[in-house]
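Participant: Dumping the structure here so I can ask a few things about it.
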Amino acid sequence: MNDSPPPRTPEHPACPHSTTTPESGPELFTWEFATDPYPAYAWLREHRPVHRTSLPSGVEAWLVTRYADARQALADARLSKNPANHAESPHAKGKTGIPGERKAELMTHLLNIDPPDHTRLRRLVSKAFTPRRVAEFAPRVQELTDRLIDRFIEDGEADLIHDLAFPLPIYAICDLLGVPREDQDDFRDWAGMMIRHGGGPRGGVARSVKKMRGYLAELIHRKRENPGDDLISGLIRASDHGEHLTENEAAAMAFILLFAGFETTVNLIGNGMYALLRHPEQRARLEASLAAGESGLLATGIEELLRYDGPVEMATWRYATEPLTLGGEEIAAGDPVLVVLAAADRDPERFEDPDTLDLARRDNQHLGYGHGIHYCLGAPLARLEGQAALATLLRRLPGLRLAADPADLRWRGGLIMRGLRTLPVAFEPGSRTEKGDLLSTL
């Protein structure tokens, strides 16, 4: 991994035709690919927009790379989210989805089910993520952001993944779920193991999922006896009023909200700040806009960062329930399909100058958080956390700069998510008192 060549800059990608041909195709899932997958995706969009490949796990799946095909696939009811529709053996089925969720009996969550169960469960939690509820949570997000920055602001250096991007969404989602403050560091440890994607000890992910499952079962029992104004208590109340939410469903729901609700935001903050550090002219525009008390460029900027190098590289697994045609390819019943959001959001047929970062981009119906009935439920919260983190970092850390050669930065493994392992930065040491409710002033 340390011998990987430096990443290509998006403005000057290496021409994929110089090293590949329509017969051979680019090499996928290498460390070089993980560093900069966009040239390979450009080749696939042009030559094999719906491409059957063998994944690192050995599972065969279709990759969908063009925007139009991706949008169609994300909304196609014939592509099920239920792993039971995978035509392969039980052993192969265990290689899809979130590691450890099957053994921990956490399969019945929103990413693994179809209507009508999906409709029922999504309705139960959707009110926790309405724009109004998220806006009410903004002061807490700002408080958490400032508290985390306080811990390193006097040092003049930090790892923005470890010190901010990772803990911020963990603590925020724990607050929403109703995890007591004294238990939240345990969640941070478990989540840290899950996010390593094979970088930790063997079996560590499965053990962390099992520990989290046990804790959630205990917490549900405690909330049933002493409910509060939190999401888990709300799920219990809904179940007690005839919504028929089983304990396994409640635990799985809490698990997936935590899992999906933190890693996407870790990557949004990390990838977003990395892109700003690599594009000083765009960063300067945003800093000037924030200094003027404007919110427009921050809002469009978050959407552009989601499109340009978003936190989710591929949408979670789908399985054909019947034969279908997609992008001119015949998909057999039972075949897994992975929609490559990162490729679709760089499609020149949909976006003008797609490899250019433009924080003011207006026509930006990206697929960063999906499309259709499985559109990310927590997107409003993730956007809030991303805006708070990026705006506060730019305001509170003067002279913020990358403290490593980009060629030395490493991206975490795994199919679904795209995020940096570390993001070392340096800045002028500041004061703990230079903070405030930034979001409310924009």
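Every chain in the structure tokens has a letter given in the order shown (A, B, ...), and although residue numbers restart at 1 in each chain, ligands are simply numbered from 1 in the order shown.
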Name all residues at most 12 Å from Asp183 (chain A) (count only C-alpha atoms; drop same-chain ones fewer than 5 positions away) and give them as a VMD selection string.

Facilitator: chain A and resid 170 to 171 174 to 175 178 188 to 190 212 215 to 216 219

Participant: Would you save the residues of that selection, restricted to N, CA, C and O atoms, as an mmCIF file, in the first residue's frame?

Facilitator:
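That gives us again_39.cif:
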data_model
loop_
_atom_site.group_PDB
_atom_site.id
_atom_site.type_symbol
_atom_site.label_atom_id
_atom_site.label_comp_id
_atom_site.auth_asym_id
_atom_site.auth_seq_id
_atom_site.Cartn_x
_atom_site.Cartn_y
_atom_site.Cartn_z
ATOM 1 N N ILE A 170 -20.871 10.383 15.539
ATOM 2 C CA ILE A 170 -21.144 9.348 16.541
ATOM 3 C C ILE A 170 -21.902 9.950 17.716
ATOM 4 O O ILE A 170 -22.945 9.444 18.147
ATOM 5 N N TYR A 171 -21.384 11.037 18.266
ATOM 6 C CA TYR A 171 -22.043 11.655 19.409
ATOM 7 C C TYR A 171 -23.415 12.209 19.030
ATOM 8 O O TYR A 171 -24.374 12.142 19.827
ATOM 9 N N CYS A 174 -25.882 9.260 18.616
ATOM 10 C CA CYS A 174 -26.145 8.705 19.945
ATOM 11 C C CYS A 174 -27.131 9.574 20.710
ATOM 12 O O CYS A 174 -28.026 9.065 21.397
ATOM 13 N N ASP A 175 -26.983 10.882 20.623
ATOM 14 C CA ASP A 175 -27.943 11.789 21.263
ATOM 15 C C ASP A 175 -29.346 11.576 20.722
ATOM 16 O O ASP A 175 -30.321 11.523 21.477
ATOM 17 N N GLY A 178 -30.819 8.297 21.926
ATOM 18 C CA GLY A 178 -31.066 8.239 23.361
ATOM 19 C C GLY A 178 -30.036 7.427 24.110
ATOM 20 O O GLY A 178 -30.298 6.950 25.218
ATOM 21 N N ARG A 188 -18.427 4.756 20.382
ATOM 22 C CA ARG A 188 -17.333 5.279 19.551
ATOM 23 C C ARG A 188 -16.293 4.186 19.292
ATOM 24 O O ARG A 188 -15.800 4.043 18.168
ATOM 25 N N ASP A 189 -15.985 3.385 20.318
ATOM 26 C CA ASP A 189 -15.007 2.299 20.139
ATOM 27 C C ASP A 189 -15.538 1.243 19.175
ATOM 28 O O ASP A 189 -14.805 0.766 18.296
ATOM 29 N N TRP A 190 -16.795 0.832 19.337
ATOM 30 C CA TRP A 190 -17.372 -0.182 18.455
ATOM 31 C C TRP A 190 -17.426 0.322 17.012
ATOM 32 O O TRP A 190 -17.098 -0.393 16.081
ATOM 33 N N MET A 212 -22.525 -4.357 20.151
ATOM 34 C CA MET A 212 -23.504 -3.306 19.939
ATOM 35 C C MET A 212 -24.920 -3.868 19.991
ATOM 36 O O MET A 212 -25.824 -3.255 20.562
ATOM 37 N N TYR A 215 -25.843 -4.450 23.611
ATOM 38 C CA TYR A 215 -26.124 -3.190 24.290
ATOM 39 C C TYR A 215 -27.475 -2.631 23.867
ATOM 40 O O TYR A 215 -28.253 -2.148 24.710
ATOM 41 N N LEU A 216 -27.787 -2.666 22.576
ATOM 42 C CA LEU A 216 -29.055 -2.119 22.103
ATOM 43 C C LEU A 216 -30.247 -2.882 22.683
ATOM 44 O O LEU A 216 -31.268 -2.270 23.028
ATOM 45 N N LEU A 219 -30.601 -1.597 26.131
ATOM 46 C CA LEU A 219 -31.087 -0.218 26.133
ATOM 47 C C LEU A 219 -32.579 -0.159 25.811
ATOM 48 O O LEU A 219 -33.325 0.635 26.415
#

Participant: What's the 12 Å shell around Pro56 (chain A), counting only C-alpha atoms, without same-chain residues fewer than 3 positions away, as a list in words?

Facilitator: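 Non-adjacent residues within range: Glu27, Leu28, Phe29, Thr30, Thr53, Val59, Glu60, Ala61, Lys95, Thr96, Gly413, Gly414 and Leu415 of chain A.
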
Participant: For Pro227 (chain A), work out the shell of residues within 10 Å, counting only C-alpha atoms and skipping chain neighbours fewer than 5 positions away, then give it as a VMD selection string.

Facilitator: chain A and resid 178 220 to 222 232 to 234 236 to 237

Participant: Residues as selected, all heavy atoms, written as an mmCIF file, in the first residue's frame, can you do that?

Facilitator:
data_model
loop_
_atom_site.group_PDB
_atom_site.id
_atom_site.type_symbol
_atom_site.label_atom_id
_atom_site.label_comp_id
_atom_site.auth_asym_id
_atom_site.auth_seq_id
_atom_site.Cartn_x
_atom_site.Cartn_y
_atom_site.Cartn_z
ATOM 1 N N GLY A 178 -30.819 8.297 21.926
ATOM 2 C CA GLY A 178 -31.066 8.239 23.361
ATOM 3 C C GLY A 178 -30.036 7.427 24.110
ATOM 4 O O GLY A 178 -30.298 6.950 25.218
ATOM 5 N N ILE A 220 -33.030 -1.001 24.893
ATOM 6 C CA ILE A 220 -34.457 -1.031 24.560
ATOM 7 C C ILE A 220 -35.273 -1.421 25.779
ATOM 8 O O ILE A 220 -36.326 -0.830 26.059
ATOM 9 C CB ILE A 220 -34.700 -1.994 23.376
ATOM 10 C CG1 ILE A 220 -34.155 -1.377 22.082
ATOM 11 C CG2 ILE A 220 -36.189 -2.308 23.218
ATOM 12 C CD1 ILE A 220 -34.088 -2.339 20.919
ATOM 13 N N HIS A 221 -34.809 -2.390 26.539
ATOM 14 C CA HIS A 221 -35.515 -2.782 27.761
ATOM 15 C C HIS A 221 -35.554 -1.630 28.760
ATOM 16 O O HIS A 221 -36.592 -1.364 29.389
ATOM 17 C CB HIS A 221 -34.838 -4.001 28.393
ATOM 18 C CG HIS A 221 -35.115 -5.286 27.684
ATOM 19 N ND1 HIS A 221 -36.388 -5.801 27.508
ATOM 20 C CD2 HIS A 221 -34.269 -6.179 27.085
ATOM 21 C CE1 HIS A 221 -36.323 -6.948 26.839
ATOM 22 N NE2 HIS A 221 -35.054 -7.185 26.563
ATOM 23 N N ARG A 222 -34.442 -0.924 28.900
ATOM 24 C CA ARG A 222 -34.396 0.208 29.835
ATOM 25 C C ARG A 222 -35.316 1.330 29.386
ATOM 26 O O ARG A 222 -36.007 1.965 30.206
ATOM 27 C CB ARG A 222 -32.959 0.717 29.955
ATOM 28 C CG ARG A 222 -32.085 -0.178 30.826
ATOM 29 C CD ARG A 222 -30.610 -0.034 30.545
ATOM 30 N NE ARG A 222 -30.133 1.341 30.460
ATOM 31 C CZ ARG A 222 -28.914 1.660 30.028
ATOM 32 N NH1 ARG A 222 -28.080 0.704 29.633
ATOM 33 N NH2 ARG A 222 -28.546 2.909 29.977
ATOM 34 N N ILE A 232 -35.213 5.933 20.111
ATOM 35 C CA ILE A 232 -35.510 4.578 20.569
ATOM 36 C C ILE A 232 -36.793 4.547 21.375
ATOM 37 O O ILE A 232 -37.637 3.653 21.204
ATOM 38 C CB ILE A 232 -34.329 4.000 21.364
ATOM 39 C CG1 ILE A 232 -33.153 3.715 20.419
ATOM 40 C CG2 ILE A 232 -34.734 2.720 22.094
ATOM 41 C CD1 ILE A 232 -31.929 3.134 21.106
ATOM 42 N N SER A 233 -36.997 5.525 22.244
ATOM 43 C CA SER A 233 -38.252 5.603 23.003
ATOM 44 C C SER A 233 -39.437 5.775 22.063
ATOM 45 O O SER A 233 -40.511 5.200 22.281
ATOM 46 C CB SER A 233 -38.199 6.760 24.008
ATOM 47 O OG SER A 233 -37.185 6.553 24.969
ATOM 48 N N GLY A 234 -39.248 6.559 21.006
ATOM 49 C CA GLY A 234 -40.315 6.743 20.034
ATOM 50 C C GLY A 234 -40.653 5.459 19.314
ATOM 51 O O GLY A 234 -41.829 5.156 19.056
ATOM 52 N N ILE A 236 -40.311 2.456 20.557
ATOM 53 C CA ILE A 236 -41.007 1.615 21.533
ATOM 54 C C ILE A 236 -42.454 2.058 21.681
ATOM 55 O O ILE A 236 -43.375 1.226 21.706
ATOM 56 C CB ILE A 236 -40.275 1.674 22.891
ATOM 57 C CG1 ILE A 236 -38.902 0.998 22.767
ATOM 58 C CG2 ILE A 236 -41.113 1.007 23.984
ATOM 59 C CD1 ILE A 236 -38.015 1.208 23.974
ATOM 60 N N ARG A 237 -42.670 3.366 21.760
ATOM 61 C CA ARG A 237 -44.055 3.859 21.890
ATOM 62 C C ARG A 237 -44.877 3.482 20.656
ATOM 63 O O ARG A 237 -46.044 3.094 20.777
ATOM 64 C CB ARG A 237 -44.057 5.384 22.084
ATOM 65 C CG ARG A 237 -43.773 5.826 23.517
ATOM 66 C CD ARG A 237 -44.066 7.306 23.719
ATOM 67 N NE ARG A 237 -43.125 8.131 22.975
ATOM 68 C CZ ARG A 237 -41.985 8.593 23.485
ATOM 69 N NH1 ARG A 237 -41.642 8.276 24.724
ATOM 70 N NH2 ARG A 237 -41.178 9.346 22.775
#

Participant: Quick one: everything within 12 Å of Tyr41 (chain A), counting only C-alpha atoms, minus sequence neighbours fewer than 2 positions away in the same chain. Send it as a short mmCIF file (atom, residue, chain, number, x, y, z; two decimals) with N, CA, C and O atoms, in the first residue's frame.

Facilitator:
data_model
loop_
_atom_site.label_atom_id
_atom_site.label_comp_id
_atom_site.auth_asym_id
_atom_site.auth_seq_id
_atom_site.Cartn_x
_atom_site.Cartn_y
_atom_site.Cartn_z
N PRO A 13 -6.87 13.91 -15.03
CA PRO A 13 -6.80 12.46 -14.88
C PRO A 13 -5.99 11.84 -16.01
O PRO A 13 -5.97 12.34 -17.13
N CYS A 15 -5.38 9.54 -18.95
CA CYS A 15 -6.32 9.02 -19.93
C CYS A 15 -6.43 7.52 -19.80
O CYS A 15 -5.42 6.82 -19.93
N PRO A 16 -7.61 6.97 -19.50
CA PRO A 16 -7.71 5.54 -19.31
C PRO A 16 -7.33 4.75 -20.56
O PRO A 16 -6.91 3.60 -20.46
N GLY A 25 -10.01 -3.58 -20.27
CA GLY A 25 -10.66 -2.80 -19.24
C GLY A 25 -9.69 -2.43 -18.13
O GLY A 25 -8.60 -3.00 -18.01
N PRO A 26 -10.05 -1.47 -17.29
CA PRO A 26 -9.18 -1.06 -16.19
C PRO A 26 -9.19 -2.11 -15.07
O PRO A 26 -10.14 -2.88 -14.93
N GLU A 27 -8.14 -2.11 -14.29
CA GLU A 27 -8.07 -3.01 -13.15
C GLU A 27 -8.81 -2.36 -11.98
O GLU A 27 -8.53 -1.22 -11.60
N LEU A 28 -9.76 -3.09 -11.44
CA LEU A 28 -10.60 -2.55 -10.38
C LEU A 28 -10.16 -3.09 -9.02
O LEU A 28 -9.54 -4.14 -8.92
N PHE A 29 -10.50 -2.33 -7.98
CA PHE A 29 -10.36 -2.75 -6.58
C PHE A 29 -8.92 -2.93 -6.12
O PHE A 29 -8.64 -3.68 -5.19
N PHE A 33 -6.67 2.03 -7.53
CA PHE A 33 -8.07 2.31 -7.85
C PHE A 33 -8.75 3.01 -6.67
O PHE A 33 -9.50 3.97 -6.85
N ALA A 34 -8.51 2.54 -5.44
CA ALA A 34 -9.13 3.15 -4.27
C ALA A 34 -8.72 4.60 -4.11
O ALA A 34 -9.52 5.44 -3.69
N ASP A 36 -7.90 6.77 -6.50
CA ASP A 36 -8.58 7.60 -7.51
C ASP A 36 -9.33 6.70 -8.47
O ASP A 36 -8.79 6.30 -9.50
N PRO A 37 -10.59 6.36 -8.17
CA PRO A 37 -11.33 5.44 -9.03
C PRO A 37 -11.92 6.10 -10.27
O PRO A 37 -12.45 5.41 -11.14
N TYR A 38 -11.85 7.43 -10.34
CA TYR A 38 -12.62 8.13 -11.36
C TYR A 38 -12.17 7.86 -12.80
O TYR A 38 -13.03 7.77 -13.69
N PRO A 39 -10.88 7.72 -13.11
CA PRO A 39 -10.51 7.34 -14.48
C PRO A 39 -11.07 5.98 -14.89
O PRO A 39 -11.54 5.81 -16.02
N TRP A 43 -13.87 5.12 -17.92
CA TRP A 43 -13.72 4.09 -18.94
C TRP A 43 -14.94 3.16 -18.96
O TRP A 43 -15.46 2.84 -20.02
N LEU A 44 -15.40 2.76 -17.79
CA LEU A 44 -16.58 1.89 -17.73
C LEU A 44 -17.81 2.58 -18.30
O LEU A 44 -18.60 1.97 -19.02
N ARG A 45 -18.01 3.86 -17.97
CA ARG A 45 -19.17 4.59 -18.50
C ARG A 45 -19.17 4.57 -20.01
O ARG A 45 -20.22 4.43 -20.65
N GLU A 46 -17.97 4.70 -20.62
CA GLU A 46 -17.89 4.77 -22.07
C GLU A 46 -17.99 3.40 -22.73
O GLU A 46 -18.68 3.25 -23.75
N HIS A 47 -17.35 2.39 -22.16
CA HIS A 47 -17.24 1.09 -22.83
C HIS A 47 -18.16 0.02 -22.26
O HIS A 47 -18.68 -0.81 -23.01
N ARG A 48 -18.34 -0.02 -20.95
CA ARG A 48 -19.16 -1.06 -20.32
C ARG A 48 -19.97 -0.45 -19.20
O ARG A 48 -19.70 -0.66 -18.01
N PRO A 49 -20.98 0.34 -19.54
CA PRO A 49 -21.72 1.09 -18.51
C PRO A 49 -22.43 0.21 -17.49
O PRO A 49 -22.64 0.64 -16.35
N VAL A 50 -22.83 -0.99 -17.90
CA VAL A 50 -23.34 -1.98 -16.96
C VAL A 50 -22.41 -3.19 -17.09
O VAL A 50 -22.43 -3.89 -18.09
N HIS A 51 -21.60 -3.40 -16.08
CA HIS A 51 -20.44 -4.29 -16.20
C HIS A 51 -20.48 -5.38 -15.14
O HIS A 51 -20.55 -5.08 -13.94
N LEU A 63 -22.00 -3.79 -12.05
CA LEU A 63 -21.72 -2.41 -11.70
C LEU A 63 -22.43 -1.49 -12.69
O LEU A 63 -22.24 -1.64 -13.90
N VAL A 64 -23.21 -0.55 -12.19
CA VAL A 64 -23.97 0.39 -13.02
C VAL A 64 -23.31 1.76 -12.88
O VAL A 64 -23.23 2.30 -11.77
N THR A 65 -22.83 2.35 -13.98
CA THR A 65 -21.97 3.54 -13.88
C THR A 65 -22.54 4.81 -14.52
O THR A 65 -22.06 5.90 -14.20
N ARG A 66 -23.48 4.70 -15.45
CA ARG A 66 -24.02 5.92 -16.07
C ARG A 66 -25.17 6.48 -15.24
O ARG A 66 -25.93 5.75 -14.62
N TYR A 67 -25.30 7.80 -15.26
CA TYR A 67 -26.29 8.49 -14.43
C TYR A 67 -27.71 8.00 -14.73
O TYR A 67 -28.47 7.67 -13.81
N GLU A 313 -19.58 5.45 -2.25
CA GLU A 313 -19.09 5.16 -3.59
C GLU A 313 -20.10 4.34 -4.38
O GLU A 313 -20.35 4.59 -5.56
N MET A 314 -20.68 3.33 -3.72
CA MET A 314 -21.68 2.47 -4.36
C MET A 314 -22.89 2.38 -3.44
O MET A 314 -22.75 2.26 -2.22
N VAL A 339 -25.06 -0.07 -7.77
CA VAL A 339 -25.12 1.20 -8.48
C VAL A 339 -23.95 2.06 -8.01
O VAL A 339 -23.83 2.39 -6.82
N VAL A 340 -23.07 2.44 -8.94
CA VAL A 340 -21.86 3.18 -8.59
C VAL A 340 -22.19 4.67 -8.60
O VAL A 340 -22.13 5.33 -9.64
N LEU A 341 -22.54 5.19 -7.43
CA LEU A 341 -22.92 6.60 -7.32
C LEU A 341 -21.76 7.52 -7.72
O LEU A 341 -21.98 8.56 -8.35
N ALA A 342 -20.54 7.14 -7.35
CA ALA A 342 -19.38 7.97 -7.67
C ALA A 342 -19.20 8.12 -9.17
O ALA A 342 -18.79 9.18 -9.66
N ALA A 343 -19.50 7.07 -9.92
CA ALA A 343 -19.38 7.14 -11.38
C ALA A 343 -20.53 7.94 -11.99
O ALA A 343 -20.32 8.77 -12.88
N ALA A 344 -21.74 7.69 -11.51
CA ALA A 344 -22.91 8.40 -12.04
C ALA A 344 -22.80 9.90 -11.83
O ALA A 344 -23.20 10.69 -12.69
N ASP A 345 -22.24 10.30 -10.69
CA ASP A 345 -22.16 11.73 -10.37
C ASP A 345 -21.01 12.43 -11.08
O ASP A 345 -20.83 13.64 -10.93
N ARG A 346 -20.23 11.70 -11.88
CA ARG A 346 -19.21 12.31 -12.75
C ARG A 346 -19.56 12.09 -14.23
O ARG A 346 -18.71 12.23 -15.09
N ASP A 347 -20.82 11.76 -14.52
CA ASP A 347 -21.23 11.47 -15.89
C ASP A 347 -21.35 12.77 -16.69
O ASP A 347 -22.18 13.62 -16.38
N PRO A 348 -20.54 12.95 -17.74
CA PRO A 348 -20.61 14.19 -18.54
C PRO A 348 -21.92 14.33 -19.31
O PRO A 348 -22.24 15.43 -19.77
N ASP A 355 -15.64 16.78 -13.79
CA ASP A 355 -14.42 16.59 -13.01
C ASP A 355 -13.91 17.89 -12.40
O ASP A 355 -12.83 17.92 -11.81
#

Participant: Distance CA of Asp117 (chain A)-CA of Gly378 (chain A), one decimal place?

Facilitator: 18.7 Å

Participant: Please determine, counting only C-alpha atoms, which residue among A:Tyr319, A:Phe427, A:Trp62, A:Phe166 has the shortest atom-to-atom distance to Thr264 (chain A).

Facilitator: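 Smallest distance to Thr264 (chain A) is found for A:Phe166.
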
Participant: Mind listing the strand (DSSP E or B) residues of region 33-166 of chain A, per DSSP on the backbone, as a list of chain:residue names?

Facilitator: A:Val50, A:His51, A:Arg52, A:Thr53, A:Ser54, A:Glu60, A:Ala61, A:Trp62, A:Leu63, A:Val64, A:Leu79, A:Ser80, A:Glu157, A:Ala158, A:Asp159

Participant: Kindly export the residues of the current selection with all heavy atoms, as a tab-separated table (two decimals), in the first residue's frame.

Facilitator:
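Written output follows (selection-v4.tsv):
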chain	number	residue	atom	x	y	z
A	50	VAL	N	-22.83	-0.99	-17.90
A	50	VAL	CA	-23.34	-1.98	-16.96
A	50	VAL	C	-22.41	-3.19	-17.09
A	50	VAL	O	-22.43	-3.89	-18.09
A	50	VAL	CB	-24.81	-2.35	-17.24
A	50	VAL	CG1	-25.30	-3.42	-16.27
A	50	VAL	CG2	-25.70	-1.10	-17.13
A	51	HIS	N	-21.60	-3.40	-16.08
A	51	HIS	CA	-20.44	-4.29	-16.20
A	51	HIS	C	-20.48	-5.38	-15.14
A	51	HIS	O	-20.55	-5.08	-13.94
A	51	HIS	CB	-19.16	-3.45	-16.05
A	51	HIS	CG	-17.90	-4.25	-16.01
A	51	HIS	ND1	-17.52	-5.12	-17.02
A	51	HIS	CD2	-16.89	-4.30	-15.08
A	51	HIS	CE1	-16.35	-5.66	-16.71
A	51	HIS	NE2	-15.96	-5.19	-15.54
A	52	ARG	N	-20.43	-6.63	-15.57
A	52	ARG	CA	-20.38	-7.75	-14.63
A	52	ARG	C	-18.93	-8.01	-14.25
A	52	ARG	O	-18.05	-8.11	-15.11
A	52	ARG	CB	-20.99	-9.00	-15.24
A	52	ARG	CG	-21.12	-10.18	-14.26
A	52	ARG	CD	-21.87	-11.34	-14.90
A	52	ARG	NE	-21.91	-12.50	-14.02
A	52	ARG	CZ	-22.84	-12.71	-13.09
A	52	ARG	NH1	-23.81	-11.82	-12.91
A	52	ARG	NH2	-22.81	-13.79	-12.33
A	53	THR	N	-18.68	-8.10	-12.95
A	53	THR	CA	-17.31	-8.27	-12.48
A	53	THR	C	-17.28	-9.15	-11.25
A	53	THR	O	-18.31	-9.36	-10.58
A	53	THR	CB	-16.67	-6.90	-12.17
A	53	THR	OG1	-15.28	-7.06	-11.90
A	53	THR	CG2	-17.32	-6.26	-10.95
A	54	SER	N	-16.12	-9.65	-10.93
A	54	SER	CA	-15.91	-10.41	-9.70
A	54	SER	C	-15.37	-9.46	-8.64
A	54	SER	O	-14.33	-8.81	-8.84
A	54	SER	CB	-14.92	-11.56	-9.95
A	54	SER	OG	-14.71	-12.30	-8.77
A	60	GLU	N	-19.97	-12.39	-7.65
A	60	GLU	CA	-20.16	-11.78	-8.96
A	60	GLU	C	-21.29	-10.77	-8.88
A	60	GLU	O	-22.36	-11.05	-8.31
A	60	GLU	CB	-20.51	-12.85	-10.00
A	60	GLU	CG	-19.40	-13.85	-10.27
A	60	GLU	CD	-18.35	-13.28	-11.21
A	60	GLU	OE1	-18.70	-12.46	-12.08
A	60	GLU	OE2	-17.17	-13.66	-11.06
A	61	ALA	N	-21.08	-9.58	-9.43
A	61	ALA	CA	-22.10	-8.53	-9.37
A	61	ALA	C	-22.00	-7.63	-10.59
A	61	ALA	O	-20.96	-7.57	-11.27
A	61	ALA	CB	-21.95	-7.71	-8.10
A	62	TRP	N	-23.10	-6.93	-10.87
A	62	TRP	CA	-23.15	-5.94	-11.95
A	62	TRP	C	-22.87	-4.56	-11.37
A	62	TRP	O	-23.45	-4.17	-10.36
A	62	TRP	CB	-24.53	-5.94	-12.61
A	62	TRP	CG	-24.87	-7.20	-13.35
A	62	TRP	CD1	-25.53	-8.29	-12.86
A	62	TRP	CD2	-24.57	-7.49	-14.73
A	62	TRP	NE1	-25.66	-9.25	-13.84
A	62	TRP	CE2	-25.08	-8.78	-15.00
A	62	TRP	CE3	-23.93	-6.79	-15.75
A	62	TRP	CZ2	-24.97	-9.38	-16.25
A	62	TRP	CZ3	-23.81	-7.38	-16.99
A	62	TRP	CH2	-24.32	-8.66	-17.24
A	63	LEU	N	-22.00	-3.79	-12.05
A	63	LEU	CA	-21.72	-2.41	-11.70
A	63	LEU	C	-22.43	-1.49	-12.69
A	63	LEU	O	-22.24	-1.64	-13.90
A	63	LEU	CB	-20.21	-2.12	-11.72
A	63	LEU	CG	-19.31	-2.99	-10.83
A	63	LEU	CD1	-17.87	-2.51	-10.94
A	63	LEU	CD2	-19.78	-2.97	-9.39
A	64	VAL	N	-23.21	-0.55	-12.19
A	64	VAL	CA	-23.97	0.39	-13.02
A	64	VAL	C	-23.31	1.76	-12.88
A	64	VAL	O	-23.23	2.30	-11.77
A	64	VAL	CB	-25.44	0.45	-12.59
A	64	VAL	CG1	-26.23	1.41	-13.48
A	64	VAL	CG2	-26.06	-0.94	-12.61
A	79	LEU	N	-35.55	-4.57	-8.49
A	79	LEU	CA	-34.27	-4.72	-7.80
A	79	LEU	C	-34.53	-4.63	-6.30
A	79	LEU	O	-34.74	-3.55	-5.74
A	79	LEU	CB	-33.28	-3.65	-8.26
A	79	LEU	CG	-32.80	-3.80	-9.70
A	79	LEU	CD1	-31.95	-2.61	-10.12
A	79	LEU	CD2	-32.03	-5.10	-9.89
A	80	SER	N	-34.54	-5.78	-5.67
A	80	SER	CA	-34.90	-5.89	-4.26
A	80	SER	C	-33.70	-5.58	-3.37
A	80	SER	O	-32.55	-5.79	-3.75
A	80	SER	CB	-35.38	-7.33	-3.98
A	80	SER	OG	-35.47	-7.57	-2.60
A	157	GLU	N	-2.05	21.51	15.14
A	157	GLU	CA	-2.11	20.38	14.23
A	157	GLU	C	-3.18	19.41	14.71
A	157	GLU	O	-3.56	19.40	15.89
A	157	GLU	CB	-0.75	19.66	14.16
A	157	GLU	CG	-0.29	19.11	15.50
A	157	GLU	CD	1.08	18.45	15.41
A	157	GLU	OE1	1.77	18.68	14.40
A	157	GLU	OE2	1.44	17.70	16.34
A	158	ALA	N	-3.69	18.60	13.78
A	158	ALA	CA	-4.73	17.64	14.12
A	158	ALA	C	-4.87	16.64	12.99
A	158	ALA	O	-4.42	16.88	11.86
A	158	ALA	CB	-6.06	18.35	14.38
A	159	ASP	N	-5.49	15.52	13.30
A	159	ASP	CA	-5.98	14.59	12.28
A	159	ASP	C	-7.49	14.79	12.23
A	159	ASP	O	-8.20	14.38	13.15
A	159	ASP	CB	-5.63	13.15	12.65
A	159	ASP	CG	-6.26	12.12	11.72
A	159	ASP	OD1	-6.90	12.54	10.71
A	159	ASP	OD2	-6.16	10.91	12.00

Participant: Quick one: pull the distance between CA of Ala299 (chain A) and CA of Thr392 (chain A), Å, one decimal.

Facilitator: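 One can read the CA of Ala299 (chain A) to CA of Thr392 (chain A) distance as 14.1 Å.
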
Participant: May I ask for the distance between CA of Pro167 (chain A) and CA of Gly386 (chain A), given in Å to one decimal place?

Facilitator: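 Here the two named atoms are 12.8 Å from each other.
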
Participant: Between A:Arg285, A:Leu290, A:Asp358, A:Ala332, which is the closest to Arg307 (chain A) once you count only C-alpha atoms?

Facilitator: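 Among A:Arg285, A:Leu290, A:Asp358, A:Ala332, it is A:Asp358 that comes nearest to Arg307 (chain A).
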
Participant: Counting only C-alpha atoms, what is within 12 Å of Ala288 (chain A), bar same-chain residues fewer than 6 positions away, as a list in words?

Facilitator: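 Within the cut-off, the hits are Glu281, Gln282, Glu294, Ser295, Gly296, Leu297, Leu298, Ala391, Leu394 and Arg395 of chain A.
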
Participant: Keeping only C-alpha atoms, write the selected residues to a file as a PDB file, in the first residue's frame.

Facilitator:
ATOM      1  CA  GLU A 281      -9.657  29.055  -5.113  1.00  0.00           C
ATOM      2  CA  GLN A 282     -12.908  27.324  -4.176  1.00  0.00           C
ATOM      3  CA  GLU A 294     -23.922  34.376   3.662  1.00  0.00           C
ATOM      4  CA  SER A 295     -25.277  30.821   3.600  1.00  0.00           C
ATOM      5  CA  GLY A 296     -25.920  30.242  -0.107  1.00  0.00           C
ATOM      6  CA  LEU A 297     -22.455  29.057  -1.109  1.00  0.00           C
ATOM      7  CA  LEU A 298     -22.201  26.786   1.932  1.00  0.00           C
ATOM      8  CA  ALA A 391     -17.758  26.177   8.171  1.00  0.00           C
ATOM      9  CA  LEU A 394     -12.607  27.400   8.136  1.00  0.00           C
ATOM     10  CA  ARG A 395     -13.603  30.067  10.649  1.00  0.00           C
TER      11      ARG A 395
END

Participant: Please, which residues of region 23-207 of chain A, numbered as in this document, come out helix (DSSP H, G or I) from DSSP, as number ranges by chain?

Facilitator: A: 31-35, 38-47, 67-75, 83-85, 90-93, 110-112, 117-129, 131-150, 160-165, 167-177, 181-195, 204-207

Participant: Select, from A:Glu385, A:Leu258, A:Arg213, A:Ala77, the residue with the minimum atom-to-atom distance to Pro116 (chain A), counting only C-alpha atoms.

Facilitator: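 Of the candidates, the smallest distance to Pro116 (chain A) is held by A:Ala77.
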